[in-house]
Amino acid sequence: MPTMNDIGGDLPRIFVAGHRGMVGSAIVRLLRARGDCTIVTRSHAELDLCNQRQVDEFFAVQAIDQVYLAAARVGGIHANNTYPAEFIWQNLMIEANVVHSAWRAGVQRLLLLGSSCIYPRNAPQPMREDTLLTGPLEATNEPYAIAKIAGIKLCESYNRQYDVDYRSVMPTNLYGPGDNYHPQDSHVLPALIRRFHEAREQHAPAVAIWGSGTPRREFLHVDDMAAASIFVMNLPRATYAAHTSPMRSHVNVGSGQEVTIRQAAELVAQAVGYNGSIACDSSKPDGTPRKLLDTGLLHTLGWRASIPLKDGLASTYRQFLQEQVQPARRQTAAA
């Protein structure tokens, strides 16, 4: 049944796959603010992107002009280690179904969102686009990384064979509204926000963080990621082609700044208002020692991140209280 997002007259019709996820919802917010397109969305209950027949039928009738492929199975180290088969299968199926059905339906432009984990574990830092496939991947998220690499090559292959314009952007570690705060399956910043919030509420004297605290990470607010995605999607084809190549067409998206996990924990503690001590649990894995993207290509194309980490964490914690804490308190009060 058509939704309000399917109504928009003669405006370009843009399908945001994964619109309920952190990145997809940020893209939808920004597209709505621009007001220059018809946004088409479907929930998982309405459209299973792992089901080839459903995806094919969707594209056959929707007359889509552009696709943001933000749908993915995502998670932190624990989730990747626990569900490796699900991570590789679901992500491969989503990419293959959406790209192929979009092409069959005549969609000329698509943007696939990947991940910085596509690069080798020991890639030179900062990681440039041309370090892809030059060494072994980080073992803790290899299945997910393989699926995202396949997505890049899928887009490139359809471009080369069918002369469509399917692009890929590789974000660094993202955070912000709509993140997953699951105690085991979340990424580092939302996990830290939840842990420090609970420690503050329980007046815990100390919080333990995974690993040695020394690995370095780059973080990007999801609103910056949405802005970069829309920027890259709408670059003239000649401009994009002039700065990429047919078999190395992806673009890194990052903040250009990095902090240690320990420093990230300290910033989260400050945002949350937690005043206890921070300990490192060296029995837990560190993951990749360092992950900083080289964003020189994106800067050359004309885009830079604008949200500082300290400011982004403060606004993200306020959003966490609105999304996670206040609804739980209302449910408890109503029980």
# chains A, B, ... in the order shown; residues from 1 in each chain; ligands from 1
>>> residues_around(residues="segment 179-184 of chain A", least_positions_apart="4", cutoff="10 Å", atoms="only C-alpha atoms", output="PDB file with all heavy atoms, in the first residue's frame")
ATOM      1  N   GLY A  21      17.565   2.513  10.068  1.00  0.00           N
ATOM      2  CA  GLY A  21      18.884   2.417  10.678  1.00  0.00           C
ATOM      3  C   GLY A  21      19.459   3.788  10.955  1.00  0.00           C
ATOM      4  O   GLY A  21      18.899   4.819  10.564  1.00  0.00           O
ATOM      5  N   MET A  22      20.604   3.809  11.613  1.00  0.00           N
ATOM      6  CA  MET A  22      21.201   5.085  12.008  1.00  0.00           C
ATOM      7  C   MET A  22      21.538   5.945  10.795  1.00  0.00           C
ATOM      8  O   MET A  22      21.178   7.124  10.745  1.00  0.00           O
ATOM      9  CB  MET A  22      22.460   4.832  12.849  1.00  0.00           C
ATOM     10  CG  MET A  22      23.143   6.110  13.301  1.00  0.00           C
ATOM     11  SD  MET A  22      24.460   5.868  14.497  1.00  0.00           S
ATOM     12  CE  MET A  22      25.628   4.911  13.537  1.00  0.00           C
ATOM     13  N   VAL A  23      22.226   5.377   9.797  1.00  0.00           N
ATOM     14  CA  VAL A  23      22.625   6.165   8.638  1.00  0.00           C
ATOM     15  C   VAL A  23      21.428   6.455   7.742  1.00  0.00           C
ATOM     16  O   VAL A  23      21.233   7.590   7.284  1.00  0.00           O
ATOM     17  CB  VAL A  23      23.731   5.454   7.836  1.00  0.00           C
ATOM     18  CG1 VAL A  23      24.154   6.315   6.655  1.00  0.00           C
ATOM     19  CG2 VAL A  23      24.934   5.149   8.724  1.00  0.00           C
ATOM     20  N   VAL A  74      24.718  -4.987  10.961  1.00  0.00           N
ATOM     21  CA  VAL A  74      25.896  -4.371  11.556  1.00  0.00           C
ATOM     22  C   VAL A  74      25.985  -4.726  13.038  1.00  0.00           C
ATOM     23  O   VAL A  74      25.004  -5.125  13.663  1.00  0.00           O
ATOM     24  CB  VAL A  74      25.883  -2.839  11.396  1.00  0.00           C
ATOM     25  CG1 VAL A  74      25.897  -2.446   9.927  1.00  0.00           C
ATOM     26  CG2 VAL A  74      24.674  -2.234  12.099  1.00  0.00           C
ATOM     27  N   GLY A  75      27.187  -4.537  13.601  1.00  0.00           N
ATOM     28  CA  GLY A  75      27.404  -4.778  15.025  1.00  0.00           C
ATOM     29  C   GLY A  75      28.860  -4.634  15.384  1.00  0.00           C
ATOM     30  O   GLY A  75      29.713  -4.446  14.513  1.00  0.00           O
ATOM     31  N   GLY A  76      29.161  -4.747  16.657  1.00  0.00           N
ATOM     32  CA  GLY A  76      30.522  -4.612  17.151  1.00  0.00           C
ATOM     33  C   GLY A  76      31.283  -5.925  17.118  1.00  0.00           C
ATOM     34  O   GLY A  76      30.871  -6.901  16.481  1.00  0.00           O
ATOM     35  N   ILE A  77      32.416  -5.970  17.834  1.00  0.00           N
ATOM     36  CA  ILE A  77      33.281  -7.154  17.838  1.00  0.00           C
ATOM     37  C   ILE A  77      32.531  -8.389  18.307  1.00  0.00           C
ATOM     38  O   ILE A  77      32.607  -9.460  17.689  1.00  0.00           O
ATOM     39  CB  ILE A  77      34.524  -6.910  18.721  1.00  0.00           C
ATOM     40  CG1 ILE A  77      35.424  -5.846  18.094  1.00  0.00           C
ATOM     41  CG2 ILE A  77      35.312  -8.203  18.915  1.00  0.00           C
ATOM     42  CD1 ILE A  77      36.612  -5.468  18.966  1.00  0.00           C
ATOM     43  N   HIS A  78      31.773  -8.260  19.404  1.00  0.00           N
ATOM     44  CA  HIS A  78      31.053  -9.421  19.950  1.00  0.00           C
ATOM     45  C   HIS A  78      30.059  -9.975  18.933  1.00  0.00           C
ATOM     46  O   HIS A  78      30.004 -11.185  18.695  1.00  0.00           O
ATOM     47  CB  HIS A  78      30.327  -9.026  21.238  1.00  0.00           C
ATOM     48  CG  HIS A  78      29.466 -10.123  21.795  1.00  0.00           C
ATOM     49  ND1 HIS A  78      29.973 -11.155  22.541  1.00  0.00           N
ATOM     50  CD2 HIS A  78      28.125 -10.361  21.678  1.00  0.00           C
ATOM     51  CE1 HIS A  78      28.988 -11.975  22.888  1.00  0.00           C
ATOM     52  NE2 HIS A  78      27.855 -11.517  22.369  1.00  0.00           N
ATOM     53  N   ALA A  79      29.278  -9.085  18.311  1.00  0.00           N
ATOM     54  CA  ALA A  79      28.275  -9.540  17.345  1.00  0.00           C
ATOM     55  C   ALA A  79      28.924 -10.186  16.132  1.00  0.00           C
ATOM     56  O   ALA A  79      28.463 -11.226  15.643  1.00  0.00           O
ATOM     57  CB  ALA A  79      27.411  -8.358  16.914  1.00  0.00           C
ATOM     58  N   LEU A 174      30.908   5.358  12.963  1.00  0.00           N
ATOM     59  CA  LEU A 174      29.838   6.342  13.068  1.00  0.00           C
ATOM     60  C   LEU A 174      29.170   6.298  14.439  1.00  0.00           C
ATOM     61  O   LEU A 174      29.167   5.268  15.110  1.00  0.00           O
ATOM     62  CB  LEU A 174      28.787   6.086  11.992  1.00  0.00           C
ATOM     63  CG  LEU A 174      29.266   6.142  10.544  1.00  0.00           C
ATOM     64  CD1 LEU A 174      28.143   5.735   9.604  1.00  0.00           C
ATOM     65  CD2 LEU A 174      29.796   7.521  10.194  1.00  0.00           C
ATOM     66  N   TYR A 175      28.599   7.422  14.813  1.00  0.00           N
ATOM     67  CA  TYR A 175      27.830   7.504  16.050  1.00  0.00           C
ATOM     68  C   TYR A 175      26.769   8.577  15.875  1.00  0.00           C
ATOM     69  O   TYR A 175      26.841   9.386  14.950  1.00  0.00           O
ATOM     70  CB  TYR A 175      28.743   7.841  17.235  1.00  0.00           C
ATOM     71  CG  TYR A 175      29.251   9.273  17.224  1.00  0.00           C
ATOM     72  CD1 TYR A 175      28.641  10.259  17.990  1.00  0.00           C
ATOM     73  CD2 TYR A 175      30.322   9.654  16.408  1.00  0.00           C
ATOM     74  CE1 TYR A 175      29.095  11.575  17.953  1.00  0.00           C
ATOM     75  CE2 TYR A 175      30.773  10.955  16.369  1.00  0.00           C
ATOM     76  CZ  TYR A 175      30.153  11.916  17.152  1.00  0.00           C
ATOM     77  OH  TYR A 175      30.593  13.219  17.108  1.00  0.00           O
ATOM     78  N   VAL A 188      31.566   0.675  19.590  1.00  0.00           N
ATOM     79  CA  VAL A 188      32.265   1.135  20.793  1.00  0.00           C
ATOM     80  C   VAL A 188      31.618   2.354  21.440  1.00  0.00           C
ATOM     81  O   VAL A 188      31.405   2.361  22.661  1.00  0.00           O
ATOM     82  CB  VAL A 188      33.763   1.380  20.484  1.00  0.00           C
ATOM     83  CG1 VAL A 188      33.967   2.397  19.372  1.00  0.00           C
ATOM     84  CG2 VAL A 188      34.511   1.826  21.732  1.00  0.00           C
ATOM     85  N   LEU A 189      31.292   3.404  20.693  1.00  0.00           N
ATOM     86  CA  LEU A 189      30.761   4.606  21.333  1.00  0.00           C
ATOM     87  C   LEU A 189      29.385   4.391  21.970  1.00  0.00           C
ATOM     88  O   LEU A 189      29.184   4.782  23.122  1.00  0.00           O
ATOM     89  CB  LEU A 189      30.729   5.779  20.352  1.00  0.00           C
ATOM     90  CG  LEU A 189      32.075   6.463  20.093  1.00  0.00           C
ATOM     91  CD1 LEU A 189      31.878   7.710  19.225  1.00  0.00           C
ATOM     92  CD2 LEU A 189      32.784   6.852  21.374  1.00  0.00           C
ATOM     93  N   PRO A 190      28.410   3.787  21.275  1.00  0.00           N
ATOM     94  CA  PRO A 190      27.132   3.543  21.956  1.00  0.00           C
ATOM     95  C   PRO A 190      27.280   2.597  23.148  1.00  0.00           C
ATOM     96  O   PRO A 190      26.576   2.770  24.154  1.00  0.00           O
ATOM     97  CB  PRO A 190      26.251   2.942  20.858  1.00  0.00           C
ATOM     98  CG  PRO A 190      27.182   2.490  19.804  1.00  0.00           C
ATOM     99  CD  PRO A 190      28.351   3.406  19.854  1.00  0.00           C
ATOM    100  N   ALA A 191      28.181   1.619  23.043  1.00  0.00           N
ATOM    101  CA  ALA A 191      28.417   0.728  24.183  1.00  0.00           C
ATOM    102  C   ALA A 191      28.950   1.513  25.376  1.00  0.00           C
ATOM    103  O   ALA A 191      28.534   1.306  26.526  1.00  0.00           O
ATOM    104  CB  ALA A 191      29.391  -0.379  23.792  1.00  0.00           C
ATOM    105  N   LEU A 192      29.871   2.435  25.101  1.00  0.00           N
ATOM    106  CA  LEU A 192      30.426   3.250  26.173  1.00  0.00           C
ATOM    107  C   LEU A 192      29.378   4.195  26.763  1.00  0.00           C
ATOM    108  O   LEU A 192      29.323   4.396  27.981  1.00  0.00           O
ATOM    109  CB  LEU A 192      31.621   4.050  25.659  1.00  0.00           C
ATOM    110  CG  LEU A 192      32.898   3.254  25.352  1.00  0.00           C
ATOM    111  CD1 LEU A 192      33.936   4.149  24.689  1.00  0.00           C
ATOM    112  CD2 LEU A 192      33.470   2.621  26.620  1.00  0.00           C
ATOM    113  N   ILE A 193      28.551   4.789  25.911  1.00  0.00           N
ATOM    114  CA  ILE A 193      27.509   5.690  26.407  1.00  0.00           C
ATOM    115  C   ILE A 193      26.578   4.945  27.359  1.00  0.00           C
ATOM    116  O   ILE A 193      26.265   5.428  28.457  1.00  0.00           O
ATOM    117  CB  ILE A 193      26.726   6.300  25.228  1.00  0.00           C
ATOM    118  CG1 ILE A 193      27.590   7.334  24.496  1.00  0.00           C
ATOM    119  CG2 ILE A 193      25.426   6.944  25.712  1.00  0.00           C
ATOM    120  CD1 ILE A 193      26.978   7.862  23.220  1.00  0.00           C
ATOM    121  N   ARG A 194      26.150   3.766  26.960  1.00  0.00           N
ATOM    122  CA  ARG A 194      25.257   2.981  27.822  1.00  0.00           C
ATOM    123  C   ARG A 194      25.953   2.602  29.120  1.00  0.00           C
ATOM    124  O   ARG A 194      25.374   2.709  30.212  1.00  0.00           O
ATOM    125  CB  ARG A 194      24.789   1.734  27.079  1.00  0.00           C
ATOM    126  CG  ARG A 194      23.775   0.917  27.864  1.00  0.00           C
ATOM    127  CD  ARG A 194      23.405  -0.379  27.160  1.00  0.00           C
ATOM    128  NE  ARG A 194      22.315  -1.026  27.847  1.00  0.00           N
ATOM    129  CZ  ARG A 194      21.043  -0.944  27.497  1.00  0.00           C
ATOM    130  NH1 ARG A 194      20.702  -0.218  26.449  1.00  0.00           N
ATOM    131  NH2 ARG A 194      20.102  -1.565  28.190  1.00  0.00           N
ATOM    132  N   ARG A 195      27.208   2.146  29.018  1.00  0.00           N
ATOM    133  CA  ARG A 195      27.929   1.683  30.202  1.00  0.00           C
ATOM    134  C   ARG A 195      28.164   2.816  31.199  1.00  0.00           C
ATOM    135  O   ARG A 195      27.964   2.652  32.401  1.00  0.00           O
ATOM    136  CB  ARG A 195      29.268   1.067  29.763  1.00  0.00           C
ATOM    137  CG  ARG A 195      29.873   0.123  30.794  1.00  0.00           C
ATOM    138  CD  ARG A 195      31.084  -0.580  30.221  1.00  0.00           C
ATOM    139  NE  ARG A 195      30.777  -1.244  28.960  1.00  0.00           N
ATOM    140  CZ  ARG A 195      31.690  -1.647  28.084  1.00  0.00           C
ATOM    141  NH1 ARG A 195      32.972  -1.426  28.328  1.00  0.00           N
ATOM    142  NH2 ARG A 195      31.329  -2.258  26.978  1.00  0.00           N
ATOM    143  N   VAL A 222      26.815  10.844  12.529  1.00  0.00           N
ATOM    144  CA  VAL A 222      26.008  10.306  11.437  1.00  0.00           C
ATOM    145  C   VAL A 222      25.378  11.409  10.582  1.00  0.00           C
ATOM    146  O   VAL A 222      25.135  11.200   9.386  1.00  0.00           O
ATOM    147  CB  VAL A 222      24.932   9.357  11.991  1.00  0.00           C
ATOM    148  CG1 VAL A 222      23.859  10.110  12.775  1.00  0.00           C
ATOM    149  CG2 VAL A 222      24.307   8.524  10.878  1.00  0.00           C
ATOM    150  N   THR A 316      24.533  13.447  21.212  1.00  0.00           N
ATOM    151  CA  THR A 316      24.159  12.034  21.125  1.00  0.00           C
ATOM    152  C   THR A 316      23.662  11.518  22.468  1.00  0.00           C
ATOM    153  O   THR A 316      22.696  10.741  22.526  1.00  0.00           O
ATOM    154  CB  THR A 316      25.350  11.194  20.649  1.00  0.00           C
ATOM    155  OG1 THR A 316      25.735  11.622  19.343  1.00  0.00           O
ATOM    156  CG2 THR A 316      25.008   9.717  20.601  1.00  0.00           C
ATOM    157  N   GLN A 319      20.200  12.632  22.978  1.00  0.00           N
ATOM    158  CA  GLN A 319      19.310  11.810  22.160  1.00  0.00           C
ATOM    159  C   GLN A 319      19.128  10.430  22.774  1.00  0.00           C
ATOM    160  O   GLN A 319      18.024   9.861  22.734  1.00  0.00           O
ATOM    161  CB  GLN A 319      19.887  11.682  20.746  1.00  0.00           C
ATOM    162  CG  GLN A 319      18.904  11.167  19.712  1.00  0.00           C
ATOM    163  CD  GLN A 319      17.901  12.226  19.306  1.00  0.00           C
ATOM    164  OE1 GLN A 319      18.157  13.414  19.417  1.00  0.00           O
ATOM    165  NE2 GLN A 319      16.730  11.791  18.841  1.00  0.00           N
ATOM    166  N   PHE A 320      20.180   9.866  23.354  1.00  0.00           N
ATOM    167  CA  PHE A 320      20.103   8.574  24.044  1.00  0.00           C
ATOM    168  C   PHE A 320      19.083   8.634  25.178  1.00  0.00           C
ATOM    169  O   PHE A 320      18.281   7.710  25.359  1.00  0.00           O
ATOM    170  CB  PHE A 320      21.486   8.196  24.585  1.00  0.00           C
ATOM    171  CG  PHE A 320      21.482   7.049  25.554  1.00  0.00           C
ATOM    172  CD1 PHE A 320      21.403   5.736  25.106  1.00  0.00           C
ATOM    173  CD2 PHE A 320      21.574   7.276  26.927  1.00  0.00           C
ATOM    174  CE1 PHE A 320      21.411   4.668  26.002  1.00  0.00           C
ATOM    175  CE2 PHE A 320      21.584   6.216  27.824  1.00  0.00           C
ATOM    176  CZ  PHE A 320      21.497   4.915  27.358  1.00  0.00           C
ATOM    177  N   GLU A 323      15.642   8.650  23.498  1.00  0.00           N
ATOM    178  CA  GLU A 323      15.281   7.431  22.763  1.00  0.00           C
ATOM    179  C   GLU A 323      15.234   6.189  23.653  1.00  0.00           C
ATOM    180  O   GLU A 323      14.409   5.297  23.428  1.00  0.00           O
ATOM    181  CB  GLU A 323      16.286   7.173  21.637  1.00  0.00           C
ATOM    182  CG  GLU A 323      16.270   8.194  20.521  1.00  0.00           C
ATOM    183  CD  GLU A 323      17.338   7.905  19.489  1.00  0.00           C
ATOM    184  OE1 GLU A 323      18.153   6.982  19.702  1.00  0.00           O
ATOM    185  OE2 GLU A 323      17.389   8.603  18.465  1.00  0.00           O
ATOM    186  N   GLN A 324      16.138   6.110  24.614  1.00  0.00           N
ATOM    187  CA  GLN A 324      16.315   4.882  25.370  1.00  0.00           C
ATOM    188  C   GLN A 324      15.840   4.977  26.821  1.00  0.00           C
ATOM    189  O   GLN A 324      15.139   4.098  27.308  1.00  0.00           O
ATOM    190  CB  GLN A 324      17.804   4.481  25.369  1.00  0.00           C
ATOM    191  CG  GLN A 324      18.401   4.328  23.992  1.00  0.00           C
ATOM    192  CD  GLN A 324      17.924   3.093  23.275  1.00  0.00           C
ATOM    193  OE1 GLN A 324      17.755   2.047  23.891  1.00  0.00           O
ATOM    194  NE2 GLN A 324      17.717   3.193  21.981  1.00  0.00           N
TER     195      GLN A 324
END
>>> residues_around(residues="Arg104 of chain A", least_positions_apart="4", cutoff="9 Å", atoms="only C-alpha atoms", output="number ranges by chain")
A: 56, 59-60, 99-100
>>> atom_distance(atom1="atom CA of Val272 of chain A", atom2="atom CA of Glu258 of chain A")
20.4 Å
>>> select_by_dssp(residues="segment 4-110 of chain A", states="strand (DSSP E or B)", output="PyMOL selection string")
chain A and resi 13-17+38-40+66-69+109-110
>>> select_by_dssp(residues="segment 6-136 of chain A", states="alpha helix (DSSP H)", output="PyMOL selection string")
chain A and resi 22-34+52-62+77-82+84-104
>>> write_last_selection(atoms="N, CA and C atoms", output="short mmCIF file (atom, residue, chain, number, x, y, z; two decimals), in the first residue's frame")
data_model
loop_
_atom_site.label_atom_id
_atom_site.label_comp_id
_atom_site.auth_asym_id
_atom_site.auth_seq_id
_atom_site.Cartn_x
_atom_site.Cartn_y
_atom_site.Cartn_z
N MET A 22 20.60 3.81 11.61
CA MET A 22 21.20 5.08 12.01
C MET A 22 21.54 5.94 10.79
N VAL A 23 22.23 5.38 9.80
CA VAL A 23 22.63 6.16 8.64
C VAL A 23 21.43 6.46 7.74
N GLY A 24 20.61 5.45 7.49
CA GLY A 24 19.46 5.65 6.63
C GLY A 24 18.51 6.71 7.15
N SER A 25 18.26 6.69 8.46
CA SER A 25 17.36 7.69 9.03
C SER A 25 17.95 9.09 8.95
N ALA A 26 19.29 9.19 9.08
CA ALA A 26 19.94 10.50 8.95
C ALA A 26 19.83 11.02 7.52
N ILE A 27 19.98 10.13 6.54
CA ILE A 27 19.82 10.52 5.13
C ILE A 27 18.40 10.99 4.87
N VAL A 28 17.41 10.26 5.41
CA VAL A 28 16.02 10.65 5.24
C VAL A 28 15.76 12.03 5.85
N ARG A 29 16.29 12.27 7.05
CA ARG A 29 16.10 13.58 7.69
C ARG A 29 16.64 14.70 6.81
N LEU A 30 17.81 14.49 6.25
CA LEU A 30 18.44 15.54 5.45
C LEU A 30 17.71 15.73 4.11
N LEU A 31 17.31 14.63 3.50
CA LEU A 31 16.55 14.73 2.24
C LEU A 31 15.23 15.45 2.46
N ARG A 32 14.55 15.15 3.56
CA ARG A 32 13.29 15.83 3.86
C ARG A 32 13.50 17.32 4.06
N ALA A 33 14.60 17.67 4.73
CA ALA A 33 14.90 19.08 4.97
C ALA A 33 15.15 19.81 3.65
N ARG A 34 15.77 19.11 2.70
CA ARG A 34 16.03 19.72 1.39
C ARG A 34 14.72 19.92 0.61
N GLN A 52 14.94 -12.06 -3.04
CA GLN A 52 15.14 -11.56 -4.39
C GLN A 52 13.84 -11.25 -5.10
N ARG A 53 12.85 -12.10 -4.95
CA ARG A 53 11.57 -11.87 -5.63
C ARG A 53 10.91 -10.59 -5.15
N GLN A 54 10.89 -10.37 -3.82
CA GLN A 54 10.26 -9.17 -3.29
C GLN A 54 10.98 -7.90 -3.76
N VAL A 55 12.29 -7.93 -3.77
CA VAL A 55 13.05 -6.75 -4.18
C VAL A 55 12.82 -6.47 -5.66
N ASP A 56 12.81 -7.52 -6.46
CA ASP A 56 12.58 -7.36 -7.89
C ASP A 56 11.21 -6.75 -8.16
N GLU A 57 10.20 -7.24 -7.47
CA GLU A 57 8.84 -6.73 -7.66
C GLU A 57 8.72 -5.28 -7.20
N PHE A 58 9.39 -4.94 -6.13
CA PHE A 58 9.38 -3.57 -5.63
C PHE A 58 9.93 -2.60 -6.68
N PHE A 59 11.11 -2.89 -7.21
CA PHE A 59 11.73 -1.99 -8.19
C PHE A 59 10.94 -1.96 -9.50
N ALA A 60 10.29 -3.06 -9.84
CA ALA A 60 9.57 -3.12 -11.11
C ALA A 60 8.40 -2.14 -11.16
N VAL A 61 7.86 -1.75 -10.00
CA VAL A 61 6.66 -0.90 -10.01
C VAL A 61 6.89 0.49 -9.43
N GLN A 62 8.06 0.77 -8.84
CA GLN A 62 8.24 2.01 -8.09
C GLN A 62 8.85 3.17 -8.87
N ILE A 77 32.42 -5.97 17.83
CA ILE A 77 33.28 -7.15 17.84
C ILE A 77 32.53 -8.39 18.31
N HIS A 78 31.77 -8.26 19.40
CA HIS A 78 31.05 -9.42 19.95
C HIS A 78 30.06 -9.97 18.93
N ALA A 79 29.28 -9.09 18.31
CA ALA A 79 28.27 -9.54 17.34
C ALA A 79 28.92 -10.19 16.13
N ASN A 80 30.02 -9.60 15.63
CA ASN A 80 30.71 -10.17 14.47
C ASN A 80 31.29 -11.54 14.78
N ASN A 81 31.82 -11.72 15.97
CA ASN A 81 32.39 -13.01 16.36
C ASN A 81 31.32 -14.06 16.58
N THR A 82 30.15 -13.64 17.05
CA THR A 82 29.09 -14.58 17.41
C THR A 82 28.25 -15.00 16.20
N PRO A 84 29.02 -14.76 12.54
CA PRO A 84 29.73 -14.50 11.28
C PRO A 84 28.97 -14.93 10.04
N ALA A 85 28.24 -16.05 10.11
CA ALA A 85 27.49 -16.51 8.94
C ALA A 85 26.38 -15.54 8.59
N GLU A 86 25.67 -15.05 9.61
CA GLU A 86 24.60 -14.10 9.37
C GLU A 86 25.14 -12.79 8.79
N PHE A 87 26.29 -12.35 9.28
CA PHE A 87 26.86 -11.09 8.80
C PHE A 87 27.24 -11.17 7.33
N ILE A 88 27.86 -12.26 6.90
CA ILE A 88 28.27 -12.32 5.50
C ILE A 88 27.08 -12.62 4.59
N TRP A 89 26.20 -13.53 5.00
CA TRP A 89 25.09 -13.90 4.12
C TRP A 89 24.11 -12.75 3.95
N GLN A 90 23.67 -12.15 5.04
CA GLN A 90 22.67 -11.09 4.94
C GLN A 90 23.18 -9.90 4.15
N ASN A 91 24.41 -9.51 4.39
CA ASN A 91 24.94 -8.34 3.68
C ASN A 91 25.16 -8.63 2.20
N LEU A 92 25.63 -9.83 1.86
CA LEU A 92 25.78 -10.19 0.46
C LEU A 92 24.42 -10.21 -0.24
N MET A 93 23.43 -10.78 0.40
CA MET A 93 22.11 -10.89 -0.22
C MET A 93 21.48 -9.51 -0.42
N ILE A 94 21.57 -8.64 0.58
CA ILE A 94 21.01 -7.30 0.46
C ILE A 94 21.64 -6.57 -0.72
N GLU A 95 22.96 -6.58 -0.79
CA GLU A 95 23.66 -5.87 -1.86
C GLU A 95 23.32 -6.44 -3.23
N ALA A 96 23.39 -7.75 -3.35
CA ALA A 96 23.15 -8.38 -4.65
C ALA A 96 21.72 -8.13 -5.12
N ASN A 97 20.76 -8.27 -4.24
CA ASN A 97 19.36 -8.09 -4.63
C ASN A 97 19.07 -6.65 -5.02
N VAL A 98 19.51 -5.70 -4.21
CA VAL A 98 19.19 -4.30 -4.48
C VAL A 98 19.89 -3.81 -5.75
N VAL A 99 21.18 -4.10 -5.87
CA VAL A 99 21.91 -3.63 -7.05
C VAL A 99 21.34 -4.25 -8.33
N HIS A 100 21.12 -5.56 -8.31
CA HIS A 100 20.65 -6.22 -9.53
C HIS A 100 19.24 -5.76 -9.91
N SER A 101 18.35 -5.68 -8.92
CA SER A 101 16.98 -5.27 -9.23
C SER A 101 16.92 -3.81 -9.64
N ALA A 102 17.76 -2.96 -9.04
CA ALA A 102 17.82 -1.56 -9.45
C ALA A 102 18.24 -1.45 -10.91
N TRP A 103 19.25 -2.23 -11.28
CA TRP A 103 19.71 -2.20 -12.68
C TRP A 103 18.61 -2.69 -13.63
N ARG A 104 17.96 -3.78 -13.26
CA ARG A 104 16.89 -4.33 -14.11
C ARG A 104 15.77 -3.32 -14.30
#
>>> closest_atom_pairs(of="segment 177-255 of chain A", to="segment 298-314 of chain A", cutoff="8 Å", atoms="only C-alpha atoms", output="CSV")
residue,atom,partner,partner_atom,distance
A:Phe219,CA,A:Leu309,CA,7.2
A:Leu220,CA,A:Leu309,CA,7.4
A:His221,CA,A:Gly312,CA,6.3
A:Asp224,CA,A:Ala305,CA,5.8
A:Ala228,CA,A:Trp303,CA,6.8
A:Phe231,CA,A:Trp303,CA,7.5
A:His243,CA,A:Leu301,CA,7.9
A:Val251,CA,A:Leu298,CA,6.7
A:Asn252,CA,A:Leu298,CA,6.8
A:Val253,CA,A:Leu298,CA,6.9
A:Gly254,CA,A:Ala305,CA,7.1
A:Ser255,CA,A:Ala305,CA,5.4
>>> atom_distance(atom1="atom CA of Trp210 of chain A", atom2="atom CA of Glu129 of chain A")
29.0 Å
>>> residues_around(residues="Ala206 of chain A", least_positions_apart="3", cutoff="10 Å", atoms="only C-alpha atoms", output="list in words")
Phe196, Ala199, Arg200, His203, Ile209, Tyr274, Asn275, Gly276, Ser277, Ile278 and Ala279 of chain A
>>> residues_around(residues="Ile149 of chain A", least_positions_apart="5", cutoff="12 Å", atoms="only C-alpha atoms", output="number ranges by chain")
A: 88, 91-92, 95, 112-120, 129, 132-133, 137, 142-144, 154-156, 168-170, 247-250
>>> closest_residue(among="A:Ala45, A:Leu321, A:Ala123, A:Val16", to="Ala271 of chain A", atoms="only C-alpha atoms")
A:Leu321
>>> residues_around(residues="segment 211-215 of chain A", least_positions_apart="2", cutoff="6 Å", atoms="only C-alpha atoms", output="PDB file with C-alpha atoms, in the first residue's frame")
ATOM      1  CA  THR A 260      42.529   6.299  21.599  1.00  0.00           C
ATOM      2  CA  ILE A 261      39.764   4.129  23.004  1.00  0.00           C
ATOM      3  CA  ARG A 262      40.771   5.400  26.435  1.00  0.00           C
ATOM      4  CA  CYS A 280      41.008  -1.295  31.001  1.00  0.00           C
ATOM      5  CA  ASP A 281      40.127  -5.011  30.761  1.00  0.00           C
ATOM      6  CA  SER A 282      43.093  -6.437  28.850  1.00  0.00           C
ATOM      7  CA  LYS A 284      39.095  -8.538  26.069  1.00  0.00           C
ATOM      8  CA  PRO A 285      40.209  -8.136  22.425  1.00  0.00           C
ATOM      9  CA  ASP A 286      41.452  -4.806  21.091  1.00  0.00           C
ATOM     10  CA  PRO A 289      45.318  -1.330  16.360  1.00  0.00           C
ATOM     11  CA  ARG A 290      44.536   1.798  14.368  1.00  0.00           C
TER      12      ARG A 290
END
>>> closest_residue(among="A:Ser186, A:Pro12, A:Gly273, A:Asp48", to="Asp36 of chain A", atoms="only C-alpha atoms")
A:Pro12
>>> closest_residue(among="A:Val268, A:Tyr83, A:Met233, A:Val207", to="Gln108 of chain A", atoms="only C-alpha atoms")
A:Met233
>>> closest_residue(among="A:Arg73, A:Glu266, A:Ala204, A:Ser229", to="Ala145 of chain A", atoms="only C-alpha atoms")
A:Arg73
>>> atom_distance(atom1="atom CA of Leu11 of chain A", atom2="atom CA of Tyr162 of chain A")
25.4 Å
>>> closest_residue(among="A:Pro246, A:Pro327, A:Gly296, A:Gly287", to="Arg160 of chain A", atoms="only C-alpha atoms")
A:Pro246
